[in-house]
Amino acid sequence: MVFGVKVSRKSVLTHAALLFFAFIMIFPWLIALSTGLKAPGESALNRGLIPWEISFGNFVKAWVIADVPLLALNSFVVTAASVVAILFLASLAAYGFARLDFAFKEPFYLLFLAGLMLQAAAIMVPLYQVNVTFKLLDTYYAMIGPYLALGLPFAILILRGFFEGLPEEIEDAALIDGATRFTIYWRIMLPLTRPALATVAIFTGLGTWNDFLLPMLMTSKPGLRTMPLGLILFELEGSIGFVLHEYRFALIIMMTVPLIIVFLLLQRQFMSGLTAGAIKG
Amino acid sequence: MQRVARVARANGGFFFILPGLVVYLGFIAWPIIATLYNGFFVWDGISPDREFVGLDHYVRLLTKDRAFRLSIRNNVYWAIITVISLSISGFLFAWLLNQRIRLRNTYRAAFFLPVTASLVVIGYTWEFIYQPEVGMLNHTLREFGLENLTRIWLADPDVTIFAIIVVSLWASLGFWVVVFLAALQAVPQDLYDCAAVDGATGFRQMWHVAVPLTMGTTRALWILGLIRSINAFGLVFLLSRGGPYHASEVIAYQIYELAFRTNHTGYASALSVLLLLISAVVTIFQLLLMRGRRVRL
């Protein structure tokens, strides 16, 4: 109003309401941020949001105690392997469902879709037992296998819809030239599917990166810890048996900020992925 | 020979789904069947001896197990509270954000940030907020002279499960807002204009135009919200470990305790089967409700 902008009463109310709730949503993050910056032990005395002195030493401590490079590497290996495998197996299957015929096609499709209602927490006992049977415990595969199986239904659902939306004429030309179905899938269709693949990759990649249940159940070697598990076990790593809140929140900041940056960069694909997932799932 | 070749060609597509199918059956279908089987045994998960007890586990679960009854109650609370309040608040915020306002993306990001964070991060941040002495919540209440409202949030049998559900609301609100927002953006402006011509403003436009036209999305979110509530685990594990005295346990957490803490794998398997049955019933029921409606965005 100072600047002569016309502001209606309604929009002032809208902004007031949104500001208020956005602040409530942000507030826990502010607490995390300020605690991570306070001097070790300060949070017990200073409950305010502004640190008395900013202590970057927390980050060094947390980095060393938790061994962040190792955690990041493990998270990266598990996430990348799961995502690449999901993209390949799901796009292959989705192409089969979308374009080819075979016996019991729709029943098989329904079998995959039934997996949409499964969450790792509901089947942790079976997942653990299968890893025992295959002797996979304490390997990356013990996590990648379940992530792969749990990620397939959503990926196949999204990719089948996308393949069916592409015109069939593109493939006819290649078929006349004698290309096999697999060549068509690999050389022609897959490159066209890139937007849907990106959606699936972001969606499943985030879920895998953030999951703590499977790493917690399937691994016990420190060398296999992923980021979220590293945070859970952080408690036990301090020299006197516990670590300070300030260190823990420094680790939390180090874990969260990169994700926020990635999210802001990929916001659009992200939103479309979530939306597609909720609408069709 | 020729017949074999013909059959193979007609079913060639099967080879495209085969690799995915093998992984899916190996890591999901087969272990679930194995769990069904294990549910009939008393078994610690490791030793080769197991004792067949038939349906005893199920009978005990449904008639004697007090912790299981508490879990069911807490899952029901979780489902009812999250689905209802997220439907309403998620829709309202999406409605506000769908107006042509400035800073829309900033607000949206503020709501959405918790969705990108790991549950572990969320859990520890809120555990800190809920701490009885140094925690921000009790501290703020004391500052405002509301001493009698302070609680030991994560160790009070009457309060803990609700304190955890609040965290779950905070963590998933952004998701609901974003999905509702996408649905609202797909509603053609003409329809609001028509309603405006007929004299409908503000609230009435929302209730008579926006709500019915986004019903497909709402139902999809309900299914998802129910599935997530039934399978709630992470926050209970991180914030209260089901305590005090099972008061904040949920089914999935009980499975975790039984299978991985106390080695009652057989009993935990029976519980897993019940949890899967509940998920399946809810999904099928919801799909029947939605049948014939094309969910579109």
# chains A, B, ... in the order shown; residues from 1 in each chain; ligands from 1

$ residues_around --residues "region 184-186 of chain A" --least-positions-apart "5" --cutoff "8 Å" --atoms "only C-alpha atoms" --output "list in words"
Leu92, Tyr95, Glu171, Ala174, Leu175, Ala179 and Pro191 of chain A

$ write_last_selection --atoms "all heavy atoms" --output "mmCIF file, in the first residue's frame"
data_model
loop_
_atom_site.group_PDB
_atom_site.id
_atom_site.type_symbol
_atom_site.label_atom_id
_atom_site.label_comp_id
_atom_site.auth_asym_id
_atom_site.auth_seq_id
_atom_site.Cartn_x
_atom_site.Cartn_y
_atom_site.Cartn_z
ATOM 1 N N LEU A 92 10.874 -51.755 -19.207
ATOM 2 C CA LEU A 92 10.785 -52.960 -20.035
ATOM 3 C C LEU A 92 9.394 -53.592 -19.875
ATOM 4 O O LEU A 92 8.691 -53.867 -20.864
ATOM 5 C CB LEU A 92 11.873 -53.931 -19.586
ATOM 6 C CG LEU A 92 12.218 -55.095 -20.510
ATOM 7 C CD1 LEU A 92 12.754 -54.586 -21.828
ATOM 8 C CD2 LEU A 92 13.263 -55.987 -19.839
ATOM 9 N N TYR A 95 6.593 -51.404 -21.272
ATOM 10 C CA TYR A 95 6.504 -51.470 -22.730
ATOM 11 C C TYR A 95 5.769 -52.748 -23.149
ATOM 12 O O TYR A 95 4.904 -52.729 -24.025
ATOM 13 C CB TYR A 95 7.895 -51.424 -23.361
ATOM 14 C CG TYR A 95 7.845 -51.460 -24.863
ATOM 15 C CD1 TYR A 95 7.419 -50.350 -25.580
ATOM 16 C CD2 TYR A 95 8.188 -52.616 -25.564
ATOM 17 C CE1 TYR A 95 7.340 -50.384 -26.958
ATOM 18 C CE2 TYR A 95 8.114 -52.658 -26.948
ATOM 19 C CZ TYR A 95 7.690 -51.539 -27.639
ATOM 20 O OH TYR A 95 7.604 -51.578 -28.998
ATOM 21 N N GLU A 171 6.651 -46.713 -34.275
ATOM 22 C CA GLU A 171 7.191 -48.064 -34.211
ATOM 23 C C GLU A 171 6.983 -48.814 -35.513
ATOM 24 O O GLU A 171 7.815 -49.633 -35.902
ATOM 25 C CB GLU A 171 6.512 -48.834 -33.085
ATOM 26 C CG GLU A 171 6.928 -48.341 -31.736
ATOM 27 C CD GLU A 171 5.979 -48.839 -30.680
ATOM 28 O OE1 GLU A 171 6.114 -49.989 -30.274
ATOM 29 O OE2 GLU A 171 5.092 -48.071 -30.279
ATOM 30 N N ALA A 174 9.841 -48.612 -37.921
ATOM 31 C CA ALA A 174 10.991 -49.397 -37.503
ATOM 32 C C ALA A 174 10.740 -50.888 -37.705
ATOM 33 O O ALA A 174 11.627 -51.635 -38.116
ATOM 34 C CB ALA A 174 11.319 -49.096 -36.046
ATOM 35 N N LEU A 175 9.482 -51.334 -37.439
ATOM 36 C CA LEU A 175 9.153 -52.755 -37.603
ATOM 37 C C LEU A 175 9.329 -53.175 -39.050
ATOM 38 O O LEU A 175 9.841 -54.258 -39.352
ATOM 39 C CB LEU A 175 7.707 -53.008 -37.163
ATOM 40 C CG LEU A 175 7.483 -53.264 -35.690
ATOM 41 C CD1 LEU A 175 6.002 -53.418 -35.398
ATOM 42 C CD2 LEU A 175 8.251 -54.509 -35.243
ATOM 43 N N ALA A 179 13.422 -54.049 -37.428
ATOM 44 C CA ALA A 179 13.935 -53.925 -36.064
ATOM 45 C C ALA A 179 13.192 -54.892 -35.145
ATOM 46 O O ALA A 179 11.998 -55.143 -35.337
ATOM 47 C CB ALA A 179 13.761 -52.494 -35.568
ATOM 48 N N PRO A 191 14.151 -43.376 -25.210
ATOM 49 C CA PRO A 191 14.512 -41.951 -25.229
ATOM 50 C C PRO A 191 13.294 -41.024 -25.189
ATOM 51 O O PRO A 191 13.369 -39.940 -24.598
ATOM 52 C CB PRO A 191 15.251 -41.802 -26.564
ATOM 53 C CG PRO A 191 15.764 -43.165 -26.869
ATOM 54 C CD PRO A 191 14.747 -44.116 -26.326
#

$ interface_residues --of "chain A" --to "chain B" --cutoff "7 Å" --atoms "only C-alpha atoms" --output "PyMOL selection string"
chain A and resi 14+22+25-26+28+32+44+89-90+92-93+96+100-103+117+119+121-123+125-127+130+145-146+149+210-211+228+252+256+259+275+278-279+281

$ write_last_selection --atoms "N, CA and C atoms" --output "mmCIF file, in the first residue's frame"
data_model
loop_
_atom_site.group_PDB
_atom_site.id
_atom_site.type_symbol
_atom_site.label_atom_id
_atom_site.label_comp_id
_atom_site.auth_asym_id
_atom_site.auth_seq_id
_atom_site.Cartn_x
_atom_site.Cartn_y
_atom_site.Cartn_z
ATOM 1 N N THR A 14 -5.954 -13.442 3.132
ATOM 2 C CA THR A 14 -5.343 -14.652 2.580
ATOM 3 C C THR A 14 -3.864 -14.720 2.945
ATOM 4 N N ALA A 22 2.366 -20.896 7.209
ATOM 5 C CA ALA A 22 3.690 -21.181 6.638
ATOM 6 C C ALA A 22 4.750 -21.047 7.729
ATOM 7 N N MET A 25 4.738 -24.100 9.794
ATOM 8 C CA MET A 25 5.381 -25.193 9.070
ATOM 9 C C MET A 25 6.907 -25.056 9.079
ATOM 10 N N ILE A 26 7.375 -23.829 9.025
ATOM 11 C CA ILE A 26 8.822 -23.583 8.955
ATOM 12 C C ILE A 26 9.486 -23.670 10.327
ATOM 13 N N PRO A 28 9.718 -25.624 13.026
ATOM 14 C CA PRO A 28 10.616 -26.719 13.433
ATOM 15 C C PRO A 28 11.957 -26.696 12.706
ATOM 16 N N ALA A 32 15.719 -26.529 14.326
ATOM 17 C CA ALA A 32 16.817 -27.429 13.949
ATOM 18 C C ALA A 32 18.047 -26.619 13.544
ATOM 19 N N ALA A 44 20.751 -26.152 26.167
ATOM 20 C CA ALA A 44 20.116 -26.394 27.458
ATOM 21 C C ALA A 44 19.860 -25.080 28.196
ATOM 22 N N LEU A 89 13.898 -52.237 -15.383
ATOM 23 C CA LEU A 89 12.939 -53.344 -15.327
ATOM 24 C C LEU A 89 11.505 -52.843 -15.517
ATOM 25 N N ALA A 90 11.214 -51.681 -14.939
ATOM 26 C CA ALA A 90 9.836 -51.191 -15.034
ATOM 27 C C ALA A 90 9.526 -50.718 -16.451
ATOM 28 N N LEU A 92 10.874 -51.755 -19.207
ATOM 29 C CA LEU A 92 10.785 -52.960 -20.035
ATOM 30 C C LEU A 92 9.394 -53.592 -19.875
ATOM 31 N N ALA A 93 8.994 -53.790 -18.631
ATOM 32 C CA ALA A 93 7.691 -54.405 -18.382
ATOM 33 C C ALA A 93 6.565 -53.510 -18.873
ATOM 34 N N GLY A 96 6.106 -53.845 -22.501
ATOM 35 C CA GLY A 96 5.414 -55.097 -22.782
ATOM 36 C C GLY A 96 3.916 -54.974 -22.543
ATOM 37 N N LEU A 100 2.578 -55.001 -26.350
ATOM 38 C CA LEU A 100 2.665 -56.389 -26.806
ATOM 39 C C LEU A 100 1.559 -57.219 -26.181
ATOM 40 N N ASP A 101 1.359 -58.381 -26.803
ATOM 41 C CA ASP A 101 0.314 -59.269 -26.297
ATOM 42 C C ASP A 101 0.930 -60.533 -25.758
ATOM 43 N N PHE A 102 0.338 -61.035 -24.718
ATOM 44 C CA PHE A 102 0.733 -62.354 -24.232
ATOM 45 C C PHE A 102 -0.367 -62.853 -23.320
ATOM 46 N N ALA A 103 -0.298 -64.149 -23.028
ATOM 47 C CA ALA A 103 -1.351 -64.752 -22.228
ATOM 48 C C ALA A 103 -1.363 -64.143 -20.827
ATOM 49 N N MET A 117 -0.315 -51.157 -2.692
ATOM 50 C CA MET A 117 -0.800 -50.994 -1.316
ATOM 51 C C MET A 117 0.226 -51.499 -0.298
ATOM 52 N N GLN A 119 3.571 -51.468 1.865
ATOM 53 C CA GLN A 119 4.608 -50.597 2.369
ATOM 54 C C GLN A 119 5.633 -51.501 3.058
ATOM 55 N N ALA A 121 6.967 -51.366 5.812
ATOM 56 C CA ALA A 121 6.710 -51.650 7.225
ATOM 57 C C ALA A 121 5.783 -52.857 7.403
ATOM 58 N N ALA A 122 4.851 -53.044 6.469
ATOM 59 C CA ALA A 122 3.895 -54.142 6.626
ATOM 60 C C ALA A 122 4.540 -55.482 6.352
ATOM 61 N N ILE A 123 5.577 -55.493 5.496
ATOM 62 C CA ILE A 123 6.152 -56.784 5.116
ATOM 63 C C ILE A 123 7.604 -56.888 5.562
ATOM 64 N N VAL A 125 8.859 -58.493 8.060
ATOM 65 C CA VAL A 125 9.241 -59.863 8.419
ATOM 66 C C VAL A 125 9.516 -60.684 7.157
ATOM 67 N N PRO A 126 8.590 -60.705 6.180
ATOM 68 C CA PRO A 126 8.903 -61.432 4.945
ATOM 69 C C PRO A 126 10.167 -60.923 4.261
ATOM 70 N N LEU A 127 10.370 -59.626 4.219
ATOM 71 C CA LEU A 127 11.557 -59.110 3.536
ATOM 72 C C LEU A 127 12.835 -59.576 4.222
ATOM 73 N N VAL A 130 13.384 -63.293 3.446
ATOM 74 C CA VAL A 130 13.862 -63.579 2.099
ATOM 75 C C VAL A 130 15.350 -63.278 2.013
ATOM 76 N N GLY A 145 17.303 -55.119 -3.338
ATOM 77 C CA GLY A 145 16.270 -56.062 -3.790
ATOM 78 C C GLY A 145 14.868 -55.632 -3.364
ATOM 79 N N PRO A 146 14.645 -55.429 -2.050
ATOM 80 C CA PRO A 146 13.318 -54.973 -1.620
ATOM 81 C C PRO A 146 12.919 -53.609 -2.197
ATOM 82 N N ALA A 149 11.735 -54.295 -5.707
ATOM 83 C CA ALA A 149 10.432 -54.950 -5.785
ATOM 84 C C ALA A 149 9.312 -54.002 -5.353
ATOM 85 N N ASN A 210 15.812 -41.584 1.702
ATOM 86 C CA ASN A 210 15.342 -41.209 3.033
ATOM 87 C C ASN A 210 14.976 -42.383 3.925
ATOM 88 N N ASP A 211 14.870 -43.576 3.358
ATOM 89 C CA ASP A 211 14.363 -44.701 4.147
ATOM 90 C C ASP A 211 15.380 -45.130 5.199
ATOM 91 N N PRO A 228 20.257 -41.961 6.746
ATOM 92 C CA PRO A 228 19.281 -41.952 7.848
ATOM 93 C C PRO A 228 19.682 -42.882 8.985
ATOM 94 N N ILE A 252 21.909 -33.130 11.114
ATOM 95 C CA ILE A 252 20.596 -32.996 10.467
ATOM 96 C C ILE A 252 20.639 -31.915 9.392
ATOM 97 N N THR A 256 19.894 -32.381 5.459
ATOM 98 C CA THR A 256 18.673 -31.819 4.901
ATOM 99 C C THR A 256 18.934 -30.776 3.827
ATOM 100 N N LEU A 259 19.237 -31.913 0.220
ATOM 101 C CA LEU A 259 17.946 -32.368 -0.302
ATOM 102 C C LEU A 259 17.070 -31.180 -0.683
ATOM 103 N N THR A 275 2.060 -35.803 -7.958
ATOM 104 C CA THR A 275 0.673 -35.693 -8.373
ATOM 105 C C THR A 275 0.262 -36.955 -9.112
ATOM 106 N N ALA A 278 -0.201 -39.852 -6.717
ATOM 107 C CA ALA A 278 -1.397 -39.833 -5.880
ATOM 108 C C ALA A 278 -2.643 -40.053 -6.711
ATOM 109 N N ILE A 279 -2.666 -39.491 -7.887
ATOM 110 C CA ILE A 279 -3.878 -39.575 -8.685
ATOM 111 C C ILE A 279 -4.090 -40.988 -9.175
ATOM 112 N N GLY A 281 -2.197 -43.708 -8.136
ATOM 113 C CA GLY A 281 -1.964 -44.731 -7.125
ATOM 114 C C GLY A 281 -3.168 -44.808 -6.220
#

$ select_by_dssp --residues "region 97-201 of chain B" --states "helix (DSSP H, G or I)" --output "PyMOL selection string"
chain B and resi 97+104-116+119-130+136-143+147-149+160-185+189-197

$ select_by_dssp --residues "region 25-214 of chain B" --states "strand (DSSP E)" --output "PyMOL selection string"
chain B and resi 41-42+51-52

$ atom_distance --atom1 "CA of Ala85 (chain A)" --atom2 "CA of Ile261 (chain A)"
25.1 Å

$ residues_around --residues "Ala210 (chain B)" --least-positions-apart "3" --cutoff "9 Å" --atoms "only C-alpha atoms" --output "PDB file with N, CA and C atoms, in the first residue's frame"
ATOM      1  N   TRP B  95      -6.725 -24.271  -1.835  1.00  0.00           N
ATOM      2  CA  TRP B  95      -7.673 -23.271  -2.336  1.00  0.00           C
ATOM      3  C   TRP B  95      -7.073 -21.870  -2.220  1.00  0.00           C
ATOM      4  N   LEU B 184      -6.947 -28.613  -8.335  1.00  0.00           N
ATOM      5  CA  LEU B 184      -7.698 -27.359  -8.460  1.00  0.00           C
ATOM      6  C   LEU B 184      -7.300 -26.609  -9.731  1.00  0.00           C
ATOM      7  N   VAL B 187      -9.280 -27.473 -12.755  1.00  0.00           N
ATOM      8  CA  VAL B 187     -10.689 -27.084 -12.866  1.00  0.00           C
ATOM      9  C   VAL B 187     -10.772 -25.863 -13.786  1.00  0.00           C
ATOM     10  N   TYR B 192     -16.056 -21.515 -12.660  1.00  0.00           N
ATOM     11  CA  TYR B 192     -16.169 -20.513 -11.598  1.00  0.00           C
ATOM     12  C   TYR B 192     -16.925 -19.296 -12.123  1.00  0.00           C
ATOM     13  N   GLN B 205     -18.565 -20.987  -4.240  1.00  0.00           N
ATOM     14  CA  GLN B 205     -17.845 -21.484  -5.422  1.00  0.00           C
ATOM     15  C   GLN B 205     -17.008 -22.694  -5.057  1.00  0.00           C
ATOM     16  N   MET B 206     -16.361 -22.575  -3.882  1.00  0.00           N
ATOM     17  CA  MET B 206     -15.515 -23.673  -3.454  1.00  0.00           C
ATOM     18  C   MET B 206     -16.363 -24.927  -3.232  1.00  0.00           C
ATOM     19  N   TRP B 207     -17.447 -24.766  -2.492  1.00  0.00           N
ATOM     20  CA  TRP B 207     -18.230 -25.917  -2.078  1.00  0.00           C
ATOM     21  C   TRP B 207     -18.977 -26.561  -3.242  1.00  0.00           C
ATOM     22  N   LEU B 213     -15.624 -31.202  -8.219  1.00  0.00           N
ATOM     23  CA  LEU B 213     -14.777 -31.471  -9.382  1.00  0.00           C
ATOM     24  C   LEU B 213     -13.428 -32.076  -9.017  1.00  0.00           C
ATOM     25  N   THR B 214     -13.036 -31.989  -7.759  1.00  0.00           N
ATOM     26  CA  THR B 214     -11.760 -32.593  -7.373  1.00  0.00           C
ATOM     27  C   THR B 214     -11.987 -33.872  -6.566  1.00  0.00           C
ATOM     28  N   MET B 215     -13.225 -34.368  -6.589  1.00  0.00           N
ATOM     29  CA  MET B 215     -13.553 -35.522  -5.754  1.00  0.00           C
ATOM     30  C   MET B 215     -12.692 -36.745  -6.102  1.00  0.00           C
TER      31      MET B 215
END

$ closest_residue --among "B:Val53, B:Val250, B:Leu287, B:Leu149" --to "Arg69 (chain B)" --atoms "only C-alpha atoms"
B:Val250

$ atom_distance --atom1 "CA of Asp49 (chain B)" --atom2 "CA of Asn263 (chain B)"
13.6 Å

$ atom_distance --atom1 "CA of Tyr37 (chain B)" --atom2 "CA of Ile278 (chain B)"
18.0 Å

$ closest_residue --among "A:Arg47, A:Glu53, A:Asn74, A:Ile156" --to "Ala94 (chain A)" --atoms "only C-alpha atoms"
A:Ile156

$ closest_residue --among "B:Ala186, B:Val236, B:Leu277, B:Thr201" --to "Asn98 (chain B)" --atoms "only C-alpha atoms"
B:Ala186

$ closest_residue --among "A:Val83, A:Ile202, A:Leu30, A:Met124" --to "Leu265 (chain A)" --atoms "only C-alpha atoms"
A:Ile202

$ decode --residues "region 263-293 of chain B" --atoms "N, CA and C atoms" --output "JSON list (two decimals), in the first residue's frame"
[["chain", "number", "residue", "atom", "x", "y", "z"],
["B", 263, "ASN", "N", 12.18, -61.83, 19.15],
["B", 263, "ASN", "CA", 12.27, -63.08, 18.38],
["B", 263, "ASN", "C", 11.02, -63.96, 18.42],
["B", 264, "HIS", "N", 9.87, -63.36, 18.43],
["B", 264, "HIS", "CA", 8.64, -64.14, 18.26],
["B", 264, "HIS", "C", 8.23, -64.08, 16.79],
["B", 265, "THR", "N", 9.07, -64.65, 15.93],
["B", 265, "THR", "CA", 8.86, -64.46, 14.50],
["B", 265, "THR", "C", 7.53, -65.08, 14.03],
["B", 266, "GLY", "N", 7.19, -66.22, 14.59],
["B", 266, "GLY", "CA", 5.94, -66.86, 14.19],
["B", 266, "GLY", "C", 4.75, -65.97, 14.48],
["B", 267, "TYR", "N", 4.72, -65.45, 15.70],
["B", 267, "TYR", "CA", 3.62, -64.59, 16.10],
["B", 267, "TYR", "C", 3.60, -63.31, 15.27],
["B", 268, "ALA", "N", 4.80, -62.75, 15.05],
["B", 268, "ALA", "CA", 4.89, -61.54, 14.23],
["B", 268, "ALA", "C", 4.40, -61.80, 12.81],
["B", 269, "SER", "N", 4.66, -63.01, 12.30],
["B", 269, "SER", "CA", 4.19, -63.35, 10.96],
["B", 269, "SER", "C", 2.67, -63.33, 10.89],
["B", 270, "ALA", "N", 2.05, -63.91, 11.92],
["B", 270, "ALA", "CA", 0.58, -63.90, 11.96],
["B", 270, "ALA", "C", 0.07, -62.46, 11.97],
["B", 271, "LEU", "N", 0.74, -61.62, 12.74],
["B", 271, "LEU", "CA", 0.34, -60.21, 12.81],
["B", 271, "LEU", "C", 0.52, -59.53, 11.46],
["B", 272, "SER", "N", 1.62, -59.84, 10.76],
["B", 272, "SER", "CA", 1.84, -59.27, 9.43],
["B", 272, "SER", "C", 0.72, -59.66, 8.49],
["B", 273, "VAL", "N", 0.29, -60.92, 8.59],
["B", 273, "VAL", "CA", -0.79, -61.38, 7.71],
["B", 273, "VAL", "C", -2.05, -60.57, 7.98],
["B", 274, "LEU", "N", -2.34, -60.34, 9.26],
["B", 274, "LEU", "CA", -3.53, -59.54, 9.59],
["B", 274, "LEU", "C", -3.40, -58.12, 9.02],
["B", 275, "LEU", "N", -2.21, -57.54, 9.15],
["B", 275, "LEU", "CA", -2.00, -56.18, 8.65],
["B", 275, "LEU", "C", -2.21, -56.12, 7.14],
["B", 276, "LEU", "N", -1.68, -57.13, 6.44],
["B", 276, "LEU", "CA", -1.86, -57.16, 4.98],
["B", 276, "LEU", "C", -3.33, -57.33, 4.62],
["B", 277, "LEU", "N", -4.04, -58.17, 5.41],
["B", 277, "LEU", "CA", -5.46, -58.37, 5.15],
["B", 277, "LEU", "C", -6.22, -57.05, 5.31],
["B", 278, "ILE", "N", -5.88, -56.31, 6.38],
["B", 278, "ILE", "CA", -6.57, -55.05, 6.61],
["B", 278, "ILE", "C", -6.30, -54.09, 5.44],
["B", 279, "SER", "N", -5.02, -54.01, 5.02],
["B", 279, "SER", "CA", -4.68, -53.14, 3.88],
["B", 279, "SER", "C", -5.47, -53.54, 2.65],
["B", 280, "ALA", "N", -5.53, -54.86, 2.39],
["B", 280, "ALA", "CA", -6.22, -55.33, 1.19],
["B", 280, "ALA", "C", -7.69, -54.99, 1.25],
["B", 281, "VAL", "N", -8.32, -55.22, 2.42],
["B", 281, "VAL", "CA", -9.74, -54.95, 2.55],
["B", 281, "VAL", "C", -10.02, -53.47, 2.32],
["B", 282, "VAL", "N", -9.20, -52.61, 2.93],
["B", 282, "VAL", "CA", -9.40, -51.17, 2.76],
["B", 282, "VAL", "C", -9.27, -50.78, 1.30],
["B", 283, "THR", "N", -8.22, -51.29, 0.64],
["B", 283, "THR", "CA", -8.00, -50.94, -0.76],
["B", 283, "THR", "C", -9.16, -51.40, -1.63],
["B", 284, "ILE", "N", -9.58, -52.66, -1.44],
["B", 284, "ILE", "CA", -10.65, -53.19, -2.29],
["B", 284, "ILE", "C", -11.94, -52.42, -2.06],
["B", 285, "PHE", "N", -12.23, -52.14, -0.78],
["B", 285, "PHE", "CA", -13.43, -51.39, -0.44],
["B", 285, "PHE", "C", -13.42, -50.03, -1.13],
["B", 286, "GLN", "N", -12.28, -49.36, -1.04],
["B", 286, "GLN", "CA", -12.17, -48.03, -1.66],
["B", 286, "GLN", "C", -12.29, -48.11, -3.17],
["B", 287, "LEU", "N", -11.66, -49.13, -3.76],
["B", 287, "LEU", "CA", -11.72, -49.26, -5.22],
["B", 287, "LEU", "C", -13.15, -49.53, -5.67],
["B", 288, "LEU", "N", -13.88, -50.30, -4.88],
["B", 288, "LEU", "CA", -15.28, -50.55, -5.22],
["B", 288, "LEU", "C", -16.07, -49.25, -5.18],
["B", 289, "LEU", "N", -15.80, -48.43, -4.16],
["B", 289, "LEU", "CA", -16.47, -47.14, -4.07],
["B", 289, "LEU", "C", -16.17, -46.28, -5.29],
["B", 290, "MET", "N", -14.94, -46.41, -5.79],
["B", 290, "MET", "CA", -14.52, -45.55, -6.89],
["B", 290, "MET", "C", -14.89, -46.11, -8.24],
["B", 291, "ARG", "N", -15.38, -47.35, -8.27],
["B", 291, "ARG", "CA", -15.58, -48.03, -9.54],
["B", 291, "ARG", "C", -16.48, -47.21, -10.46],
["B", 292, "GLY", "N", -16.13, -47.20, -11.71],
["B", 292, "GLY", "CA", -16.96, -46.49, -12.67],
["B", 292, "GLY", "C", -16.64, -45.03, -12.76],
["B", 293, "ARG", "N", -15.94, -44.51, -11.77],
["B", 293, "ARG", "CA", -15.53, -43.10, -11.87],
["B", 293, "ARG", "C", -14.15, -43.04, -12.46]]
